[in-house]
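File shown: structure01.txt. Contents: compact mmCIF, C-alpha atoms and all ligand atoms.
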```
# COMPACT_ATOMS: atom_id res chain seq x y z
CA MET A 1 8.96 -24.35 7.80
CA ALA A 2 7.71 -21.01 6.50
CA GLN A 3 9.10 -19.79 3.18
CA TRP A 4 10.64 -16.42 2.35
CA ARG A 5 9.07 -14.33 -0.39
CA ASP A 6 11.54 -12.27 -2.45
CA VAL A 7 10.39 -8.63 -2.64
CA GLY A 8 13.34 -7.32 -4.62
CA ALA A 9 16.73 -5.71 -3.93
CA GLY A 10 17.79 -7.84 -0.97
CA ASN A 11 14.35 -7.62 0.66
CA TYR A 12 12.38 -10.63 1.87
CA VAL A 13 9.14 -11.38 3.69
CA LEU A 14 8.44 -14.38 5.90
CA SER A 15 4.88 -15.21 6.86
CA THR A 16 4.70 -17.37 9.99
CA ALA A 17 1.76 -19.43 11.20
CA GLY A 18 -0.94 -18.29 13.58
CA ALA A 19 -1.83 -14.73 12.67
CA LEU A 20 0.30 -14.92 9.50
CA LEU A 21 2.63 -12.26 10.80
CA ASN A 22 4.89 -10.82 8.13
CA THR A 23 8.51 -10.51 9.19
CA GLY A 24 10.65 -8.38 6.89
CA LEU A 25 14.33 -8.89 6.16
CA VAL A 26 16.62 -6.38 4.45
CA ILE A 27 20.08 -7.73 3.71
CA GLY A 28 22.98 -5.32 3.17
CA ARG A 29 26.68 -5.99 2.73
CA ASP A 30 27.58 -5.59 6.42
CA ARG A 31 24.33 -6.00 8.36
CA ALA A 32 20.78 -7.22 7.97
CA LEU A 33 17.61 -5.68 9.33
CA VAL A 34 14.81 -7.81 10.79
CA ILE A 35 11.35 -6.23 10.93
CA ASP A 36 9.11 -7.74 13.67
CA THR A 37 10.01 -10.77 15.78
CA GLY A 38 6.81 -12.70 16.57
CA CYS A 39 4.85 -13.31 19.76
CA GLY A 40 7.27 -15.27 21.93
CA PRO A 41 10.26 -17.61 22.10
CA ARG A 42 8.71 -20.23 19.81
CA GLN A 43 7.79 -17.96 16.91
CA GLY A 44 10.92 -15.85 17.54
CA ALA A 45 13.14 -18.93 17.21
CA GLU A 46 11.35 -19.97 14.01
CA ILE A 47 11.92 -16.50 12.56
CA LEU A 48 15.58 -16.39 13.62
CA ALA A 49 16.23 -19.83 12.11
CA ALA A 50 14.66 -18.68 8.85
CA VAL A 51 16.77 -15.49 8.89
CA ARG A 52 19.89 -17.61 9.35
CA GLU A 53 19.00 -19.61 6.24
CA LEU A 54 19.48 -16.43 4.22
CA THR A 55 22.24 -14.55 6.04
CA ASP A 56 24.91 -14.88 8.75
CA LEU A 57 25.37 -11.11 9.03
CA PRO A 58 24.98 -9.22 12.32
CA LEU A 59 21.36 -8.19 12.83
CA THR A 60 19.46 -5.07 13.77
CA VAL A 61 15.80 -5.39 14.80
CA VAL A 62 12.87 -3.02 14.17
CA ASN A 63 9.51 -3.44 15.89
CA THR A 64 6.78 -1.72 13.85
CA HIS A 65 4.52 -1.14 16.89
CA ALA A 66 3.62 -2.13 20.45
CA HIS A 67 1.48 -5.22 19.80
CA PHE A 68 2.73 -8.51 21.24
CA ASP A 69 2.91 -10.38 17.93
CA HIS A 70 5.42 -7.83 16.62
CA TYR A 71 7.96 -7.70 19.49
CA PHE A 72 7.52 -10.54 22.02
CA GLY A 73 10.17 -12.52 20.09
CA ASN A 74 12.85 -9.88 20.80
CA ALA A 75 14.48 -11.90 23.60
CA VAL A 76 15.39 -14.64 21.12
CA PHE A 77 17.30 -12.10 19.06
CA ALA A 78 18.94 -10.54 22.13
CA ALA A 79 20.13 -14.01 23.15
CA ALA A 80 21.62 -14.36 19.66
CA GLY A 81 23.67 -11.20 20.19
CA VAL A 82 21.44 -8.47 18.77
CA THR A 83 21.88 -5.19 20.64
CA ASP A 84 20.08 -2.68 18.40
CA PHE A 85 16.29 -2.70 18.70
CA TRP A 86 14.36 0.17 17.10
CA ALA A 87 10.77 1.43 17.48
CA HIS A 88 8.83 4.69 17.46
CA GLU A 89 9.05 6.55 20.79
CA ASN A 90 5.27 6.24 21.34
CA ALA A 91 5.49 2.47 20.80
CA VAL A 92 8.33 2.17 23.32
CA ARG A 93 6.30 4.11 25.89
CA GLU A 94 3.31 1.83 25.27
CA MET A 95 5.47 -1.31 25.52
CA ALA A 96 6.83 -0.12 28.86
CA GLU A 97 3.27 0.31 30.13
CA SER A 98 1.45 -2.69 28.70
CA SER A 99 3.92 -5.50 27.92
CA GLU A 100 3.19 -7.50 31.06
CA SER A 101 -0.58 -7.21 30.66
CA GLN A 102 -0.33 -8.23 26.98
CA ARG A 103 1.07 -11.61 28.08
CA ALA A 104 -2.47 -12.58 29.12
CA VAL A 105 -3.79 -12.80 25.55
CA LEU A 106 -1.36 -15.67 24.94
CA SER A 107 -2.55 -17.75 27.90
CA PRO A 108 -4.72 -20.83 27.27
CA ALA A 109 -7.79 -18.79 28.24
CA GLY A 110 -6.64 -15.68 26.39
CA SER A 111 -7.95 -14.18 23.18
CA ASP A 112 -4.94 -15.33 21.16
CA ALA A 113 -4.31 -18.71 22.71
CA ALA A 114 -3.85 -20.15 19.22
CA ALA A 115 -0.53 -18.37 19.10
CA ALA A 116 0.69 -21.19 21.38
CA GLU A 117 3.32 -19.38 23.40
CA PRO A 118 2.63 -20.75 26.90
CA GLU A 119 6.10 -19.80 28.16
CA MET A 120 5.55 -16.20 27.09
CA ALA A 121 2.09 -16.17 28.63
CA ALA A 122 3.52 -17.37 31.95
CA GLY A 123 6.74 -15.36 31.75
CA GLU A 124 8.71 -18.53 32.47
CA GLY A 125 11.43 -20.31 30.55
CA PRO A 126 14.19 -19.25 28.16
CA ASN A 127 13.70 -16.02 26.20
CA SER A 128 10.36 -15.24 27.79
CA MET A 129 11.53 -11.94 29.31
CA MET A 130 10.64 -8.60 27.72
CA VAL A 131 13.33 -6.98 25.61
CA LEU A 132 12.18 -3.48 24.71
CA PRO A 133 13.72 -1.27 22.02
CA THR A 134 16.21 1.32 23.27
CA ALA A 135 16.71 3.12 19.95
CA THR A 136 13.80 5.39 19.13
CA VAL A 137 12.44 7.17 16.07
CA LYS A 138 10.58 10.45 16.60
CA ASP A 139 9.23 12.76 13.90
CA GLN A 140 12.37 12.70 11.77
CA PRO A 141 13.22 9.65 9.63
CA VAL A 142 16.19 7.54 10.69
CA LEU A 143 18.47 6.00 8.07
CA ILE A 144 20.11 2.68 8.89
CA ASP A 145 23.17 1.93 6.77
CA LEU A 146 23.41 -1.81 6.19
CA GLY A 147 26.39 -1.51 3.84
CA GLY A 148 25.55 -0.68 0.23
CA ARG A 149 21.89 -0.52 1.20
CA VAL A 150 19.98 1.89 3.40
CA ALA A 151 16.74 1.26 5.25
CA THR A 152 14.64 4.28 6.23
CA LEU A 153 12.57 4.15 9.42
CA PHE A 154 9.82 6.77 9.43
CA TYR A 155 6.52 7.82 10.97
CA LEU A 156 3.49 9.16 9.08
CA GLY A 157 1.16 9.84 12.02
CA ARG A 158 -1.35 8.02 14.18
CA GLY A 159 -3.35 5.13 12.79
CA HIS A 160 -3.46 1.49 13.91
CA THR A 161 -1.72 2.79 17.08
CA ASP A 162 -0.01 6.08 17.95
CA GLY A 163 3.42 4.59 17.21
CA ASP A 164 3.33 2.80 13.86
CA LEU A 165 6.75 2.80 12.25
CA LEU A 166 7.28 2.18 8.54
CA VAL A 167 10.43 0.76 6.99
CA GLY A 168 11.34 1.64 3.41
CA ALA A 169 14.14 -0.18 1.63
CA GLU A 170 14.56 0.34 -2.13
CA SER A 171 11.94 -1.94 -3.66
CA ALA A 172 9.83 -2.61 -0.57
CA LEU A 173 7.84 -0.67 1.99
CA PHE A 174 7.06 -2.55 5.20
CA ALA A 175 3.91 -0.94 6.61
CA GLY A 176 3.21 -2.95 9.77
CA ASP A 177 -0.44 -3.16 10.79
CA LEU A 178 -1.26 0.23 9.24
CA VAL A 179 -2.12 -1.97 6.27
CA GLU A 180 -3.99 -5.22 6.76
CA GLN A 181 -4.63 -7.78 4.00
CA GLY A 182 -6.97 -10.75 4.34
CA ALA A 183 -8.62 -9.53 7.56
CA HIS A 184 -10.30 -6.40 8.88
CA PRO A 185 -8.01 -3.68 10.23
CA SER A 186 -7.57 -3.90 14.02
CA PHE A 187 -9.03 -0.88 15.79
CA GLU A 188 -8.43 -1.76 19.48
CA ASP A 189 -5.68 0.85 19.99
CA SER A 190 -6.41 2.88 16.87
CA TYR A 191 -7.12 6.51 15.97
CA PRO A 192 -9.77 5.92 13.26
CA ALA A 193 -10.09 9.54 12.08
CA ASP A 194 -6.30 9.95 11.78
CA TRP A 195 -5.72 6.50 10.28
CA ALA A 196 -7.36 7.36 6.92
CA ASN A 197 -5.09 10.41 6.56
CA THR A 198 -2.01 8.39 7.40
CA LEU A 199 -3.01 5.83 4.75
CA ARG A 200 -3.41 8.63 2.19
CA GLN A 201 0.13 9.81 2.92
CA LEU A 202 1.28 6.23 2.58
CA SER A 203 -0.42 5.82 -0.79
CA ALA A 204 1.13 9.13 -1.92
CA LEU A 205 4.48 7.33 -1.81
CA ARG A 206 3.31 5.38 -4.87
CA GLY A 207 5.96 4.68 -7.40
CA ARG A 208 8.70 4.81 -4.77
CA TYR A 209 8.27 1.15 -3.87
CA GLU A 210 7.46 -1.88 -5.95
CA PHE A 211 6.16 -3.97 -3.05
CA LEU A 212 3.95 -2.81 -0.20
CA VAL A 213 4.09 -5.34 2.63
CA PRO A 214 1.31 -5.31 5.27
CA GLY A 215 1.75 -6.52 8.86
CA HIS A 216 -0.33 -9.60 8.02
CA GLY A 217 -1.33 -11.12 4.69
CA LEU A 218 -0.08 -10.73 1.13
CA PRO A 219 1.70 -7.74 -0.40
CA VAL A 220 -0.80 -5.18 -1.67
CA SER A 221 -1.02 -2.49 -4.34
CA ASP A 222 -1.10 1.24 -3.86
CA ASN A 223 -4.72 1.16 -4.95
CA PHE A 224 -5.52 -1.27 -2.12
CA VAL A 225 -4.25 1.32 0.36
CA ARG A 226 -6.31 4.10 -1.26
CA VAL A 227 -9.45 1.98 -1.06
CA MET A 228 -8.67 1.15 2.59
CA ALA A 229 -8.35 4.91 3.29
CA ASP A 230 -11.59 5.80 1.47
CA THR A 231 -13.48 3.02 3.24
CA MET A 232 -12.27 4.34 6.58
CA THR A 233 -13.20 7.95 5.79
CA THR A 234 -16.71 6.83 4.83
CA ALA A 235 -16.96 4.73 7.99
CA VAL A 236 -15.91 7.70 10.17
CA ARG A 237 -18.59 9.87 8.53
CA GLN A 238 -21.29 7.19 8.94
CA ALA A 239 -20.42 6.50 12.56
CA ARG A 240 -20.36 10.22 13.44
CA GLN A 241 -23.68 10.76 11.73
CA ALA A 242 -25.20 7.82 13.58
CA SER A 243 -23.98 9.05 16.94
CA ARG A 244 -25.36 12.55 16.22
CA GLU A 245 -28.76 11.13 15.40
CA MET A 246 -28.87 8.73 18.33
CA PRO A 247 -26.10 9.64 20.78
CA ASP A 248 -26.88 6.83 23.21
CA LEU A 249 -27.23 4.23 20.52
CA ALA A 250 -24.06 4.71 18.52
CA THR A 251 -23.58 0.98 18.44
CA LYS A 252 -26.63 0.89 16.15
CA ALA A 253 -24.15 1.95 13.48
CA ILE A 254 -22.32 -1.38 13.74
CA PRO A 255 -24.34 -3.17 11.02
CA ILE A 256 -23.69 -0.40 8.48
CA LEU A 257 -19.91 -0.40 9.05
CA PRO A 258 -17.78 -2.63 6.81
CA TYR A 259 -15.57 -4.19 9.50
CA GLY A 260 -17.70 -7.01 10.95
CA PRO A 261 -19.39 -6.89 14.38
CA ASP A 262 -16.22 -7.19 16.48
CA GLN A 263 -14.00 -4.62 14.80
CA SER A 264 -16.93 -2.27 14.06
CA ARG A 265 -17.61 -2.13 17.80
CA TRP A 266 -13.96 -1.27 18.45
CA PHE A 267 -14.06 1.28 15.62
CA ILE A 268 -16.95 3.17 17.26
CA LYS A 269 -15.44 2.93 20.74
CA ARG A 270 -12.09 4.30 19.57
CA LEU A 271 -13.69 6.97 17.38
CA GLN A 272 -15.58 8.23 20.44
CA GLU A 273 -12.58 8.02 22.78
CA THR A 274 -10.17 9.72 20.40
CA SER A 275 -12.57 12.45 19.22
CA ALA A 276 -13.38 13.62 22.75
ZN ZN B 301 -1.06 -4.56 15.60
```

Translate this structure into structure tokens?
Amino acid sequence: MAQWRDVGAGNYVLSTAGALLNTGLVIGRDRALVIDTGCGPRQGAEILAAVRELTDLPLTVVNTHAHFDHYFGNAVFAAAGVTDFWAHENAVREMAESSESQRAVLSPAGSDAAAAEPEMAAGEGPNSMMVLPTATVKDQPVLIDLGGRVATLFYLGRGHTDGDLLVGAESALFAGDLVEQGAHPSFEDSYPADWANTLRQLSALRGRYEFLVPGHGLPVSDNFVRVMADTMTTAVRQARQASREMPDLATKAIPILPYGPDQSRWFIKRLQETSA
């Protein structure tokens, strides 16, 4: 079973197999907050069991954004009595539109078949229904009082998606997929030109938090986030320059971008779509 990492002041991180999703846990006196629930009933149940090793308190759930690996486990938590599910309003809109089509990536022929959630892929079996957040965060931060400990849900702008929520709790900042460690950032639904600015705002919070927890991978430093932002700004400039010089051959820029062939292709596609 996956092990919790202590990130100070009642905060914990659990990294579960597959895509090494980081689930956050903030434990107060009266309630505990779970950040991201996994990609289906199997991973969701593993996460809930791990949560119950640390606390029996009533739970509130936050989904950092509208990608399947961060909220497809919600039904497990609803079945366990959780009623409060939070996300950014843009993420909730996206979930309402794309949840059913996102099931396909989990099918045996899908792009994330390794996640091994056949029930979720088929939409059959216990806890395979979609449970979408009903509590939304907009531009203003939302404070969640857990009893003697407050978690702050806030939005810094578009980046990995248009609805990436951050959760700050004393010693730890849970950044979702805005920050990626151990793999390239994922650009499929991203806003590349905005993302670098959002990361700069994030790194400006330096000193406020001891631990910065990405959506996947190990906790990172503030400097890691600054380098990620600078790399992205340079990549935006290079890709724009390449598409000015050879408008029909923008994909020629792929080899000079630092994100590997797959994600560099997505980077250029999204840069073009979101700059139009
Ligand atoms: Zn994501």

>> Could you list the protein, DNA and RNA residues that have any atom within 10 Å of ligand ZN 301 (chain B), counting only C-alpha atoms and all ligand atoms, and write them as a PyMOL selection string?
In response: chain A and resi 21+64-70+160-161+164+176-180+185-190+215-216

> Near Asp194 (chain A), within 7 Å and counting only C-alpha atoms, which residues show up once chain neighbours fewer than 4 positions away are dropped, as a PyMOL selection string?
Replying inline: chain A and resi 158-159+198

>> So the first atom is CA of Lys269 (chain A) and the second is CA of Ala242 (chain A); what is the distance between them in Å, to one decimal place?
In response: 13.1 Å

> Pick from A:Glu170, A:Ala183, A:Ala50, A:Ala96: nearest to Ala19 (chain A), with only C-alpha atoms counted?
Replying inline: A:Ala183

> Any idea what the distance is between CA of Glu117 (chain A) and CA of Gln3 (chain A)?
Replying inline: 21.0 Å

> Residues at most 8 Å from Val51 (chain A), counting only C-alpha atoms, excluding those fewer than 4 positions away in the same chain, as an MDAnalysis selection string?
Replying inline: chainID A and resid 25 47 55

> Interatomic distance between CA of Val213 (chain A) and CA of Gly44 (chain A)?
Replying inline: 19.5 Å

> With only C-alpha atoms as the basis for distance, which of A:Glu245, A:Ala9, A:Ala239, A:Glu46 is at the shortest distance from Arg265 (chain A)?
Replying inline: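 Comparing A:Glu245, A:Ala9, A:Ala239, A:Glu46 against Arg265 (chain A), the winner is A:Ala239.
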
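Nearest residue to Thr134 (chain A), choosing from A:Phe174, A:Phe85, A:Tyr209, A:Phe154 and counting all atoms listed in the file: A:Phe85.
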
Is it possible to get the axis-aligned box enclosing region 179-198 of chain A (all listed atoms, 3 Å extra per side) as JSON, with centre and edge lengths in Å rounded to one decimal?
```
{"center_x": -6.2, "center_y": -0.2, "center_z": 12.0, "size_x": 14.3, "size_y": 27.2, "size_z": 22.0}
```

> Counting only C-alpha atoms, what is within 12 Å of Ser221 (chain A), bar same-chain residues fewer than 4 positions away, as a PyMOL selection string?
Replying inline: chain A and resi 172-173+179-181+202-203+205-207+209-214+225-228

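In terms of minimum interatomic distance to Gly24 (chain A), A:Arg5 ranks closest within A:Arg42, A:Arg5, A:Arg208, A:Arg52, counting only C-alpha atoms.
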
>> Using only C-alpha atoms, can you tell me which of A:Val34, A:Ile268, A:Leu146, A:Ala121 comes closest to Ser243 (chain A)?
In response: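 Among the listed residues, A:Ile268 lies closest to Ser243 (chain A).
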
> Which residue, A:Leu54, A:Gly125, A:Ala175, A:Asn22, has the smallest gap to Gly217 (chain A) when you use all atoms listed in the file?
Replying inline: A:Asn22

Selection near Asp139 (chain A), 9 Å with only C-alpha atoms, sequence-local residues under 4 positions removed, as a PDB file with C-alpha atoms, in the frame of the given file:
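See result-v3.pdb below for the written result:
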```
ATOM      1  CA  HIS A  88       8.830   4.690  17.460  1.00  0.00           C
ATOM      2  CA  PHE A 154       9.820   6.770   9.430  1.00  0.00           C
ATOM      3  CA  TYR A 155       6.520   7.820  10.970  1.00  0.00           C
ATOM      4  CA  LEU A 156       3.490   9.160   9.080  1.00  0.00           C
ATOM      5  CA  GLY A 157       1.160   9.840  12.020  1.00  0.00           C
TER       6      GLY A 157
END
```

>> Excluding Thr136 (chain A) and its own-chain neighbours fewer than 4 positions away, which residues fall within 9 Å of it when counting all atoms listed in the file? Please give them as a list in words.
In response: Phe85, Trp86, Ala87, His88, Glu89, Asn90, Ala91 and Val92 of chain A

>> Show me the residues around (4.3, -12.9, 21.4) - criterion: an atom at most 12 Å away, only C-alpha atoms counted - as a ChimeraX atom specification.
In response: /A:18-19,21,36-45,66-76,99-107,112-123,127-131

Quick one: write out the picked residues with C-alpha atoms as a PDB file, keeping the file's coordinate frame?
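Saved file result_14.pdb follows:
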```pdb
ATOM      1  CA  GLY A  18      -0.940 -18.290  13.580  1.00  0.00           C
ATOM      2  CA  ALA A  19      -1.830 -14.730  12.670  1.00  0.00           C
ATOM      3  CA  LEU A  21       2.630 -12.260  10.800  1.00  0.00           C
ATOM      4  CA  ASP A  36       9.110  -7.740  13.670  1.00  0.00           C
ATOM      5  CA  THR A  37      10.010 -10.770  15.780  1.00  0.00           C
ATOM      6  CA  GLY A  38       6.810 -12.700  16.570  1.00  0.00           C
ATOM      7  CA  CYS A  39       4.850 -13.310  19.760  1.00  0.00           C
ATOM      8  CA  GLY A  40       7.270 -15.270  21.930  1.00  0.00           C
ATOM      9  CA  PRO A  41      10.260 -17.610  22.100  1.00  0.00           C
ATOM     10  CA  ARG A  42       8.710 -20.230  19.810  1.00  0.00           C
ATOM     11  CA  GLN A  43       7.790 -17.960  16.910  1.00  0.00           C
ATOM     12  CA  GLY A  44      10.920 -15.850  17.540  1.00  0.00           C
ATOM     13  CA  ALA A  45      13.140 -18.930  17.210  1.00  0.00           C
ATOM     14  CA  ALA A  66       3.620  -2.130  20.450  1.00  0.00           C
ATOM     15  CA  HIS A  67       1.480  -5.220  19.800  1.00  0.00           C
ATOM     16  CA  PHE A  68       2.730  -8.510  21.240  1.00  0.00           C
ATOM     17  CA  ASP A  69       2.910 -10.380  17.930  1.00  0.00           C
ATOM     18  CA  HIS A  70       5.420  -7.830  16.620  1.00  0.00           C
ATOM     19  CA  TYR A  71       7.960  -7.700  19.490  1.00  0.00           C
ATOM     20  CA  PHE A  72       7.520 -10.540  22.020  1.00  0.00           C
ATOM     21  CA  GLY A  73      10.170 -12.520  20.090  1.00  0.00           C
ATOM     22  CA  ASN A  74      12.850  -9.880  20.800  1.00  0.00           C
ATOM     23  CA  ALA A  75      14.480 -11.900  23.600  1.00  0.00           C
ATOM     24  CA  VAL A  76      15.390 -14.640  21.120  1.00  0.00           C
ATOM     25  CA  SER A  99       3.920  -5.500  27.920  1.00  0.00           C
ATOM     26  CA  GLU A 100       3.190  -7.500  31.060  1.00  0.00           C
ATOM     27  CA  SER A 101      -0.580  -7.210  30.660  1.00  0.00           C
ATOM     28  CA  GLN A 102      -0.330  -8.230  26.980  1.00  0.00           C
ATOM     29  CA  ARG A 103       1.070 -11.610  28.080  1.00  0.00           C
ATOM     30  CA  ALA A 104      -2.470 -12.580  29.120  1.00  0.00           C
ATOM     31  CA  VAL A 105      -3.790 -12.800  25.550  1.00  0.00           C
ATOM     32  CA  LEU A 106      -1.360 -15.670  24.940  1.00  0.00           C
ATOM     33  CA  SER A 107      -2.550 -17.750  27.900  1.00  0.00           C
ATOM     34  CA  ASP A 112      -4.940 -15.330  21.160  1.00  0.00           C
ATOM     35  CA  ALA A 113      -4.310 -18.710  22.710  1.00  0.00           C
ATOM     36  CA  ALA A 114      -3.850 -20.150  19.220  1.00  0.00           C
ATOM     37  CA  ALA A 115      -0.530 -18.370  19.100  1.00  0.00           C
ATOM     38  CA  ALA A 116       0.690 -21.190  21.380  1.00  0.00           C
ATOM     39  CA  GLU A 117       3.320 -19.380  23.400  1.00  0.00           C
ATOM     40  CA  PRO A 118       2.630 -20.750  26.900  1.00  0.00           C
ATOM     41  CA  GLU A 119       6.100 -19.800  28.160  1.00  0.00           C
ATOM     42  CA  MET A 120       5.550 -16.200  27.090  1.00  0.00           C
ATOM     43  CA  ALA A 121       2.090 -16.170  28.630  1.00  0.00           C
ATOM     44  CA  ALA A 122       3.520 -17.370  31.950  1.00  0.00           C
ATOM     45  CA  GLY A 123       6.740 -15.360  31.750  1.00  0.00           C
ATOM     46  CA  ASN A 127      13.700 -16.020  26.200  1.00  0.00           C
ATOM     47  CA  SER A 128      10.360 -15.240  27.790  1.00  0.00           C
ATOM     48  CA  MET A 129      11.530 -11.940  29.310  1.00  0.00           C
ATOM     49  CA  MET A 130      10.640  -8.600  27.720  1.00  0.00           C
ATOM     50  CA  VAL A 131      13.330  -6.980  25.610  1.00  0.00           C
TER      51      VAL A 131
END
```
